[in-house]
Amino acid sequence: MSPVSLPPVLSAPLSVDIAITGRCNLHCGYCFYADEMVALRDLPGERWQAFFVELGQLAVQRVSLTGGEAFTRPDLFELIDGVVANRMRYNILSNGTLITEETLCQFEAGKRRQRLDYIQVSIDGSRAEIHDKSRPNSFERAIRGLRLLVEARFPATVRVTVNRYNVDDLENVARLLLEEIGLPAFSTNEAEPGGMAKRQADEIALTPAQRRRAMAVLPALAERYNGRINAQAGPLALAREFQFLEDCVADGLADLPGRGTLSSCGGVFSKLAVHHDGTIVPCHWLPSLHLGQIGVDDLQTIWREHPVLDKLRCRRTIPLHTLPTCRDCPYASFCRGGCPGQALLLTGELDVRSPMTCYRLYRERQRLSPVEKVVV
Amino acid sequence: MTTEAILYIANPDVSYREEEDGAILFNPDTDEVLVINVTGQLVWQALARPMSCGGIAAALIAQCENVPQDQVAQDVDEFVAELLGRGFAGIYEGAA
Ligand code: SF4
């Protein structure tokens, strides 16, 4: 395999994920941001406005406004105006429960609606008994908020986090979202071992048998609904990735460009994240890797020169076959090693593969024989 | 069609960033991106104030040696028309 060259580092990130608040009106069982929400304080609006000016000067193109629950911020629309004034677009990740007719009216002012990429609402079941197990007492309000968005033709998306409670409800969820509510598509992921979900793993995380079931059901549903179910992580993404690895081996390929190293994470080449107290981190899935503070440290200098970002980017040059976990793995030439956030969380190290997305480990845990195919 | 009499100006909502091998224009109203080369950068910078295509072409010719003038004029016309068509620039309507 030829040595991997890194892409040039951009002058600044293209996008920034910003937790604008640590407040939330719910208390979800798998909230990966729960620890930070308790430990950190919200910044006042002026600090965010000054940060948006800095982002505008660096020609950052878009921000993702998250939390906590973004709609709990009383000055949310002033913050959005600051994003717009600094030549950016934005999206909002929300639990949907605070979206009302009045909220939607506020988007009509200025360019708020024009610059909105999407509002993502989390829905975790087709009915309250299921959704509310992971997102307490919120199903009716979340669905109401989602229906309002769809009726008013907002760019609405839904994220379904597959977990122990809803794994057998996925068909009903797809029917609700795609047929009854009429969304063009929705995405899925999986309750991952961060924040609350790490402590409550036994209650919320998928068992190996459940993950296997989800990995069979979701691709079938995606096919039935003509690709209107997608995923960048979780069972659907894993099923596709594992199938891809099987295909590479079956085709007798030697290697593939862009694979065979710890190359899963493209985020460190295009984006940064900020906690609600202004702490800059590479990603909200790497919450403990503090790079600096907004308004104190120069964002461009961090982006271009911080050794932690350099280390994360250089993961891409580490061949999987040099790692003790992967040395003799038949998939090592085609695998990408998974998310560094998961790797750090589960192993305490960065330059290792994520156990959560390791196909070989998956096969061992599922106790598959060497010839048995998981997903084909 | 662009003519000398018309003045053009960069859309102030468009963001501009210089990268190693060119620059990126981003129009947040349309979510469109345009990657431009060094010549495009010179045109974009000229459009910071109202300029005709002829004025831009003259500025380019003054900065670059040995460039065929007709070709520069045509390239500027085409590039400004693209900027205009995609909302990256507009026609200046104030007093010249
Ligand atoms: S051991 Fe796992 S992470 Fe390593 S190359 Fe094989 S499938 Fe990928």
# chains A, B, ... in the order shown; residues from 1 in each chain; ligands from 1
>>> residues_near_ligand(ligand="ligand 1", cutoff="12 Å", atoms="only C-alpha atoms and all ligand atoms", output="MDAnalysis selection string")
chainID A and resid 238 241:246 249 259:264 318:340 343 351:364
>>> residues_around(residues="B:Val80", least_positions_apart="3", cutoff="10 Å", atoms="only C-alpha atoms", output="list of chain:residue names")
B:Met1, B:Thr2, B:Tyr8, B:Ile9, B:Ala10, B:Gly40, B:Val43, B:Trp44, B:Leu47, B:Ser52, B:Cys53, B:Ile56, B:Gln74, B:Asp75, B:Val76, B:Asp77, B:Leu83, B:Leu84, B:Gly85, B:Arg86, B:Phe88, B:Ala89, B:Gly90
>>> interface_residues(of="chain A", to="chain B", cutoff="6 Å", atoms="only C-alpha atoms", output="JSON, numbers by chain")
{"A": [11, 59, 87, 88, 89, 115]}
>>> write_last_selection(atoms="N, CA, C and O atoms", output="short mmCIF file (atom, residue, chain, number, x, y, z; two decimals), in the first residue's frame")
data_model
loop_
_atom_site.label_atom_id
_atom_site.label_comp_id
_atom_site.auth_asym_id
_atom_site.auth_seq_id
_atom_site.Cartn_x
_atom_site.Cartn_y
_atom_site.Cartn_z
N SER A 11 -7.81 26.83 5.59
CA SER A 11 -7.45 28.04 6.35
C SER A 11 -8.26 28.13 7.64
O SER A 11 -7.81 28.73 8.63
N ALA A 59 -14.61 33.12 7.26
CA ALA A 59 -15.43 32.55 6.19
C ALA A 59 -15.89 31.12 6.50
O ALA A 59 -15.96 30.27 5.62
N ARG A 87 -22.73 35.97 7.55
CA ARG A 87 -22.63 35.29 6.27
C ARG A 87 -22.53 33.76 6.39
O ARG A 87 -21.78 33.11 5.68
N MET A 88 -23.32 33.24 7.31
CA MET A 88 -23.32 31.78 7.49
C MET A 88 -24.74 31.22 7.36
O MET A 88 -25.72 31.95 7.47
N ARG A 89 -24.80 29.93 7.14
CA ARG A 89 -26.05 29.18 7.23
C ARG A 89 -26.02 28.40 8.55
O ARG A 89 -24.99 28.34 9.22
N ARG A 115 -31.72 31.00 5.46
CA ARG A 115 -30.39 30.46 5.78
C ARG A 115 -30.45 29.15 6.59
O ARG A 115 -29.43 28.62 6.98
#
>>> select_by_dssp(residues="stretch 146-234 of chain A", states="strand (DSSP E)", output="number ranges by chain")
A: 156-162, 186-190, 229-231
>>> write_last_selection(atoms="N, CA and C atoms", output="compact mmCIF listing (two decimals), in the first residue's frame")
# COMPACT_ATOMS: atom_id res chain seq x y z
N ALA A 156 -37.35 19.87 7.54
CA ALA A 156 -37.32 19.08 8.79
C ALA A 156 -36.66 17.74 8.53
N THR A 157 -35.84 17.32 9.45
CA THR A 157 -35.28 15.97 9.39
C THR A 157 -35.51 15.30 10.74
N VAL A 158 -35.39 14.01 10.76
CA VAL A 158 -35.56 13.27 12.03
C VAL A 158 -34.36 12.36 12.23
N ARG A 159 -33.92 12.27 13.46
CA ARG A 159 -32.90 11.30 13.84
C ARG A 159 -33.54 10.29 14.79
N VAL A 160 -33.44 9.03 14.43
CA VAL A 160 -33.92 7.95 15.30
C VAL A 160 -32.69 7.29 15.91
N THR A 161 -32.57 7.34 17.21
CA THR A 161 -31.45 6.69 17.88
C THR A 161 -31.90 5.29 18.30
N VAL A 162 -31.33 4.30 17.64
CA VAL A 162 -31.77 2.93 17.90
C VAL A 162 -31.24 2.50 19.26
N PHE A 186 -35.35 9.99 6.74
CA PHE A 186 -34.87 10.20 8.11
C PHE A 186 -33.58 9.42 8.30
N SER A 187 -32.87 9.76 9.38
CA SER A 187 -31.59 9.09 9.60
C SER A 187 -31.62 8.33 10.93
N THR A 188 -30.72 7.39 11.04
CA THR A 188 -30.65 6.59 12.26
C THR A 188 -29.22 6.58 12.78
N ASN A 189 -29.09 6.40 14.08
CA ASN A 189 -27.79 6.05 14.66
C ASN A 189 -28.07 5.12 15.83
N GLU A 190 -27.21 5.13 16.82
CA GLU A 190 -27.35 4.15 17.89
C GLU A 190 -26.95 4.81 19.20
N ILE A 229 -34.12 5.99 4.20
CA ILE A 229 -33.56 5.85 5.56
C ILE A 229 -32.05 5.82 5.39
N ASN A 230 -31.36 6.70 6.09
CA ASN A 230 -29.91 6.74 5.93
C ASN A 230 -29.21 6.79 7.28
N ALA A 231 -27.90 6.69 7.25
CA ALA A 231 -27.14 6.64 8.51
C ALA A 231 -25.67 6.88 8.24
>>> select_by_dssp(residues="stretch 118-170 of chain A", states="helix (DSSP H, G or I)", output="PyMOL selection string")
chain A and resi 128-134+139-151+170
>>> write_last_selection(atoms="N, CA and C atoms", output="PDB file, in the first residue's frame")
ATOM      1  N   ALA A 128     -45.898   6.737  22.203  1.00  0.00           N
ATOM      2  CA  ALA A 128     -45.357   7.289  23.445  1.00  0.00           C
ATOM      3  C   ALA A 128     -44.709   6.221  24.328  1.00  0.00           C
ATOM      4  N   GLU A 129     -45.337   5.045  24.425  1.00  0.00           N
ATOM      5  CA  GLU A 129     -44.796   4.024  25.348  1.00  0.00           C
ATOM      6  C   GLU A 129     -43.354   3.667  24.998  1.00  0.00           C
ATOM      7  N   ILE A 130     -42.998   3.782  23.735  1.00  0.00           N
ATOM      8  CA  ILE A 130     -41.632   3.423  23.332  1.00  0.00           C
ATOM      9  C   ILE A 130     -40.715   4.644  23.348  1.00  0.00           C
ATOM     10  N   HIS A 131     -41.124   5.683  22.663  1.00  0.00           N
ATOM     11  CA  HIS A 131     -40.303   6.911  22.588  1.00  0.00           C
ATOM     12  C   HIS A 131     -39.990   7.434  23.994  1.00  0.00           C
ATOM     13  N   ASP A 132     -40.991   7.451  24.858  1.00  0.00           N
ATOM     14  CA  ASP A 132     -40.818   8.071  26.177  1.00  0.00           C
ATOM     15  C   ASP A 132     -39.902   7.269  27.096  1.00  0.00           C
ATOM     16  N   LYS A 133     -39.617   6.021  26.744  1.00  0.00           N
ATOM     17  CA  LYS A 133     -38.699   5.242  27.589  1.00  0.00           C
ATOM     18  C   LYS A 133     -37.292   5.833  27.535  1.00  0.00           C
ATOM     19  N   SER A 134     -36.896   6.327  26.372  1.00  0.00           N
ATOM     20  CA  SER A 134     -35.568   6.937  26.297  1.00  0.00           C
ATOM     21  C   SER A 134     -35.647   8.465  26.364  1.00  0.00           C
ATOM     22  N   PHE A 139     -43.215  12.375  23.725  1.00  0.00           N
ATOM     23  CA  PHE A 139     -43.594  11.924  22.384  1.00  0.00           C
ATOM     24  C   PHE A 139     -44.612  12.851  21.723  1.00  0.00           C
ATOM     25  N   GLU A 140     -45.712  13.145  22.443  1.00  0.00           N
ATOM     26  CA  GLU A 140     -46.786  13.930  21.816  1.00  0.00           C
ATOM     27  C   GLU A 140     -46.264  15.290  21.387  1.00  0.00           C
ATOM     28  N   ARG A 141     -45.480  15.918  22.261  1.00  0.00           N
ATOM     29  CA  ARG A 141     -44.982  17.265  21.948  1.00  0.00           C
ATOM     30  C   ARG A 141     -43.956  17.218  20.803  1.00  0.00           C
ATOM     31  N   ALA A 142     -43.120  16.190  20.799  1.00  0.00           N
ATOM     32  CA  ALA A 142     -42.114  16.086  19.729  1.00  0.00           C
ATOM     33  C   ALA A 142     -42.789  15.872  18.378  1.00  0.00           C
ATOM     34  N   ILE A 143     -43.802  14.993  18.355  1.00  0.00           N
ATOM     35  CA  ILE A 143     -44.513  14.729  17.093  1.00  0.00           C
ATOM     36  C   ILE A 143     -45.286  15.975  16.662  1.00  0.00           C
ATOM     37  N   ARG A 144     -45.850  16.677  17.636  1.00  0.00           N
ATOM     38  CA  ARG A 144     -46.574  17.907  17.285  1.00  0.00           C
ATOM     39  C   ARG A 144     -45.614  18.913  16.637  1.00  0.00           C
ATOM     40  N   GLY A 145     -44.439  19.090  17.261  1.00  0.00           N
ATOM     41  CA  GLY A 145     -43.440  20.006  16.705  1.00  0.00           C
ATOM     42  C   GLY A 145     -43.016  19.585  15.303  1.00  0.00           C
ATOM     43  N   LEU A 146     -42.821  18.286  15.132  1.00  0.00           N
ATOM     44  CA  LEU A 146     -42.405  17.787  13.819  1.00  0.00           C
ATOM     45  C   LEU A 146     -43.498  18.021  12.771  1.00  0.00           C
ATOM     46  N   ARG A 147     -44.740  17.731  13.147  1.00  0.00           N
ATOM     47  CA  ARG A 147     -45.843  17.930  12.184  1.00  0.00           C
ATOM     48  C   ARG A 147     -45.966  19.408  11.808  1.00  0.00           C
ATOM     49  N   LEU A 148     -45.772  20.288  12.786  1.00  0.00           N
ATOM     50  CA  LEU A 148     -45.831  21.732  12.483  1.00  0.00           C
ATOM     51  C   LEU A 148     -44.769  22.102  11.456  1.00  0.00           C
ATOM     52  N   LEU A 149     -43.580  21.582  11.662  1.00  0.00           N
ATOM     53  CA  LEU A 149     -42.486  21.878  10.718  1.00  0.00           C
ATOM     54  C   LEU A 149     -42.833  21.390   9.313  1.00  0.00           C
ATOM     55  N   VAL A 150     -43.342  20.170   9.252  1.00  0.00           N
ATOM     56  CA  VAL A 150     -43.647  19.591   7.938  1.00  0.00           C
ATOM     57  C   VAL A 150     -44.783  20.359   7.274  1.00  0.00           C
ATOM     58  N   GLU A 151     -45.828  20.667   8.053  1.00  0.00           N
ATOM     59  CA  GLU A 151     -46.972  21.396   7.478  1.00  0.00           C
ATOM     60  C   GLU A 151     -46.560  22.769   6.972  1.00  0.00           C
ATOM     61  N   LEU A 170     -38.853  -0.505  14.732  1.00  0.00           N
ATOM     62  CA  LEU A 170     -38.296   0.312  13.635  1.00  0.00           C
ATOM     63  C   LEU A 170     -39.218   0.351  12.412  1.00  0.00           C
TER      64      LEU A 170
END
>>> closest_residue(among="A:Gly56, A:Gly82, A:Pro307, A:Gly45", to="A:Ser15", atoms="only C-alpha atoms")
A:Gly56
>>> residues_around(residues="A:Arg112", least_positions_apart="3", cutoff="7 Å", atoms="only C-alpha atoms", output="list in words")
Ile80, Asp81, Val84, Phe107, Glu108, Ala109, Arg115 and Leu116 of chain A
>>> atom_distance(atom1="atom CA of A:Glu46", atom2="atom CA of A:Asp277")
12.7 Å
>>> atom_distance(atom1="atom CA of A:Cys265", atom2="atom CA of A:Asp310")
13.0 Å
